[in-house]
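The next block holds one structure in the form of structure tokens; read it before the comments.
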Amino acid sequence: AHRRAYDAIKAVRPNLPVGVTLTTQDIQSAGDPSLVAIYQRKLYGDWVEVARSHADFFGVQTYTRFVVDEQGVRPPPKGAELTLAGYEFYPQALANTIRWAHKTIGKPVYVTESGVATNDDARRIAFIDQALDGVRQCLAEGIPVHSYLYWSLLDNFEWTSGYGVPFGLVAVDHKTFKRTPRPSAAHLGAIARANLI
């Protein structure tokens, strides 16, 4: 369906960029030989090939890393900081998935999701800073990264977790619907306004 849609769009508007975006966590192998390629195939299926042939860009949606071995995805290391979504706090994952996408697919990369579920906004700011440091490193390496979209502007209804995992730069009181910008919103806004990436 994506290939047919891509071809149809290009037939009418050849210059209109059309891409693919996937949840792409940083997959790391716990052993040798590496099992990364096997798990990438399990998680991404045919979408890598589709992106190579029928996409002008590739979007990554990265929150953490997955460490894999022969038994599957391992739990986060003992003592690791966990987010309210149950992920390991690992903002370095973003740069790793950008590098993987560029090397594997060879298209411009858009960060379409990157964020952290936490009630501690200082940790949200730390996550943003560390993730953006990785984006800067990728740009310095010559990787064409064209966006960074933090997930999410507002605390949202998050799949099976409901309202219990606050990702937002803006807090939402789900009884009164009052919206209160967190310091992380001002922090990311200042980075954007100063064009510091």
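Identifiers in this document derive from the order of the structure tokens: chains are assigned A, B, ..., residues are numbered from 1 separately in each chain, and ligands are numbered from 1 in order of occurrence.
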
Segment 135-157 of chain A residues near segment 97-100 of chain A within 10 Å, closest pair each, using only C-alpha atoms, as CSV:
```
residue,atom,partner,partner_atom,distance
A:Val135,CA,A:Ile98,CA,7.9
A:Cys138,CA,A:Arg99,CA,7.0
A:Leu139,CA,A:Ile98,CA,10.0
A:Glu141,CA,A:Arg99,CA,9.4
A:Ile143,CA,A:Arg99,CA,7.5
A:Pro144,CA,A:Ile98,CA,9.4
A:Val145,CA,A:Ile98,CA,7.9
```

Mind the document's chain letters and residue numbers, and return as number ranges by chain the residues of chain A that DSSP labels strand (DSSP E or B).
A: 19-23, 26-29, 57-62, 65-69, 72-73, 82, 88, 109-114, 145-150, 154, 158, 162, 170-172, 179-181

Tell me which protein, DNA and RNA residues are within 8 Å of Gly115 of chain A, counting only C-alpha atoms, leaving out same-chain ones fewer than 4 positions away, and put them as a list of chain:residue names.
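My list of contacting residues is A:Thr62, A:Tyr63, A:Arg124, A:Phe127, A:Ile128, A:Tyr150, A:Trp151, A:Ser152, A:Phe167.
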
Write the selection just made, keeping all heavy atoms, as a PDB file, in the first residue's frame?
```
ATOM      1  N   THR A  62      12.388   7.373  18.650  1.00  0.00           N
ATOM      2  CA  THR A  62      13.311   6.690  19.561  1.00  0.00           C
ATOM      3  C   THR A  62      13.134   7.189  20.987  1.00  0.00           C
ATOM      4  O   THR A  62      13.134   8.388  21.233  1.00  0.00           O
ATOM      5  CB  THR A  62      14.762   6.919  19.095  1.00  0.00           C
ATOM      6  OG1 THR A  62      14.892   6.484  17.745  1.00  0.00           O
ATOM      7  CG2 THR A  62      15.740   6.162  19.974  1.00  0.00           C
ATOM      8  N   TYR A  63      13.042   6.231  21.922  1.00  0.00           N
ATOM      9  CA  TYR A  63      12.878   6.544  23.339  1.00  0.00           C
ATOM     10  C   TYR A  63      13.943   5.896  24.225  1.00  0.00           C
ATOM     11  O   TYR A  63      14.236   6.393  25.300  1.00  0.00           O
ATOM     12  CB  TYR A  63      11.498   6.098  23.821  1.00  0.00           C
ATOM     13  CG  TYR A  63      10.384   6.870  23.178  1.00  0.00           C
ATOM     14  CD1 TYR A  63       9.838   6.456  21.965  1.00  0.00           C
ATOM     15  CD2 TYR A  63       9.902   8.034  23.744  1.00  0.00           C
ATOM     16  CE1 TYR A  63       8.830   7.176  21.350  1.00  0.00           C
ATOM     17  CE2 TYR A  63       8.897   8.774  23.139  1.00  0.00           C
ATOM     18  CZ  TYR A  63       8.362   8.326  21.935  1.00  0.00           C
ATOM     19  OH  TYR A  63       7.376   9.065  21.328  1.00  0.00           O
ATOM     20  N   ARG A 124      13.525  15.433  32.460  1.00  0.00           N
ATOM     21  CA  ARG A 124      13.079  15.677  31.083  1.00  0.00           C
ATOM     22  C   ARG A 124      14.064  16.612  30.380  1.00  0.00           C
ATOM     23  O   ARG A 124      14.455  16.384  29.237  1.00  0.00           O
ATOM     24  CB  ARG A 124      11.661  16.258  31.067  1.00  0.00           C
ATOM     25  CG  ARG A 124      11.086  16.449  29.679  1.00  0.00           C
ATOM     26  CD  ARG A 124       9.626  16.892  29.700  1.00  0.00           C
ATOM     27  NE  ARG A 124       8.775  15.785  30.128  1.00  0.00           N
ATOM     28  CZ  ARG A 124       8.218  15.680  31.330  1.00  0.00           C
ATOM     29  NH1 ARG A 124       8.395  16.634  32.244  1.00  0.00           N
ATOM     30  NH2 ARG A 124       7.466  14.636  31.641  1.00  0.00           N
ATOM     31  N   PHE A 127      17.152  14.726  29.598  1.00  0.00           N
ATOM     32  CA  PHE A 127      16.932  13.836  28.461  1.00  0.00           C
ATOM     33  C   PHE A 127      17.014  14.622  27.156  1.00  0.00           C
ATOM     34  O   PHE A 127      17.693  14.205  26.204  1.00  0.00           O
ATOM     35  CB  PHE A 127      15.565  13.158  28.590  1.00  0.00           C
ATOM     36  CG  PHE A 127      15.315  12.097  27.553  1.00  0.00           C
ATOM     37  CD1 PHE A 127      15.572  10.776  27.830  1.00  0.00           C
ATOM     38  CD2 PHE A 127      14.821  12.423  26.301  1.00  0.00           C
ATOM     39  CE1 PHE A 127      15.351   9.785  26.881  1.00  0.00           C
ATOM     40  CE2 PHE A 127      14.595  11.453  25.341  1.00  0.00           C
ATOM     41  CZ  PHE A 127      14.860  10.127  25.631  1.00  0.00           C
ATOM     42  N   ILE A 128      16.333  15.760  27.102  1.00  0.00           N
ATOM     43  CA  ILE A 128      16.350  16.593  25.901  1.00  0.00           C
ATOM     44  C   ILE A 128      17.779  17.017  25.576  1.00  0.00           C
ATOM     45  O   ILE A 128      18.227  16.902  24.419  1.00  0.00           O
ATOM     46  CB  ILE A 128      15.430  17.820  26.086  1.00  0.00           C
ATOM     47  CG1 ILE A 128      13.964  17.377  26.094  1.00  0.00           C
ATOM     48  CG2 ILE A 128      15.682  18.865  25.002  1.00  0.00           C
ATOM     49  CD1 ILE A 128      12.997  18.463  26.548  1.00  0.00           C
ATOM     50  N   TYR A 150       9.987  16.705  19.769  1.00  0.00           N
ATOM     51  CA  TYR A 150       9.853  16.111  21.104  1.00  0.00           C
ATOM     52  C   TYR A 150       8.440  15.532  21.239  1.00  0.00           C
ATOM     53  O   TYR A 150       7.457  16.159  20.837  1.00  0.00           O
ATOM     54  CB  TYR A 150      10.087  17.160  22.198  1.00  0.00           C
ATOM     55  CG  TYR A 150       9.902  16.559  23.563  1.00  0.00           C
ATOM     56  CD1 TYR A 150      10.937  15.869  24.170  1.00  0.00           C
ATOM     57  CD2 TYR A 150       8.666  16.607  24.205  1.00  0.00           C
ATOM     58  CE1 TYR A 150      10.758  15.251  25.393  1.00  0.00           C
ATOM     59  CE2 TYR A 150       8.479  15.995  25.429  1.00  0.00           C
ATOM     60  CZ  TYR A 150       9.518  15.315  26.014  1.00  0.00           C
ATOM     61  OH  TYR A 150       9.330  14.683  27.214  1.00  0.00           O
ATOM     62  N   TRP A 151       8.337  14.351  21.826  1.00  0.00           N
ATOM     63  CA  TRP A 151       7.043  13.766  22.137  1.00  0.00           C
ATOM     64  C   TRP A 151       6.830  13.878  23.636  1.00  0.00           C
ATOM     65  O   TRP A 151       7.575  13.282  24.392  1.00  0.00           O
ATOM     66  CB  TRP A 151       6.974  12.296  21.723  1.00  0.00           C
ATOM     67  CG  TRP A 151       5.606  11.746  21.954  1.00  0.00           C
ATOM     68  CD1 TRP A 151       5.154  11.079  23.056  1.00  0.00           C
ATOM     69  CD2 TRP A 151       4.489  11.861  21.082  1.00  0.00           C
ATOM     70  NE1 TRP A 151       3.840  10.763  22.930  1.00  0.00           N
ATOM     71  CE2 TRP A 151       3.395  11.237  21.709  1.00  0.00           C
ATOM     72  CE3 TRP A 151       4.293  12.449  19.825  1.00  0.00           C
ATOM     73  CZ2 TRP A 151       2.140  11.166  21.135  1.00  0.00           C
ATOM     74  CZ3 TRP A 151       3.047  12.366  19.258  1.00  0.00           C
ATOM     75  CH2 TRP A 151       1.993  11.730  19.907  1.00  0.00           C
ATOM     76  N   SER A 152       5.892  14.677  24.020  1.00  0.00           N
ATOM     77  CA  SER A 152       4.835  15.322  23.276  1.00  0.00           C
ATOM     78  C   SER A 152       4.678  16.738  23.832  1.00  0.00           C
ATOM     79  O   SER A 152       5.157  17.033  24.918  1.00  0.00           O
ATOM     80  CB  SER A 152       3.561  14.506  23.474  1.00  0.00           C
ATOM     81  OG  SER A 152       2.401  15.165  23.052  1.00  0.00           O
ATOM     82  N   PHE A 167       4.440  12.546  29.279  1.00  0.00           N
ATOM     83  CA  PHE A 167       5.531  12.880  28.363  1.00  0.00           C
ATOM     84  C   PHE A 167       5.611  14.382  28.097  1.00  0.00           C
ATOM     85  O   PHE A 167       6.594  14.882  27.587  1.00  0.00           O
ATOM     86  CB  PHE A 167       5.322  12.182  27.008  1.00  0.00           C
ATOM     87  CG  PHE A 167       5.770  10.756  26.959  1.00  0.00           C
ATOM     88  CD1 PHE A 167       4.880   9.733  27.234  1.00  0.00           C
ATOM     89  CD2 PHE A 167       7.072  10.435  26.613  1.00  0.00           C
ATOM     90  CE1 PHE A 167       5.284   8.405  27.165  1.00  0.00           C
ATOM     91  CE2 PHE A 167       7.488   9.114  26.551  1.00  0.00           C
ATOM     92  CZ  PHE A 167       6.595   8.099  26.828  1.00  0.00           C
TER      93      PHE A 167
END
```

Using only C-alpha atoms, which of the listed residues (A:Val60, A:Ile191, A:Val68, A:Ile105) sits closest to Thr23 of chain A?
A:Val60
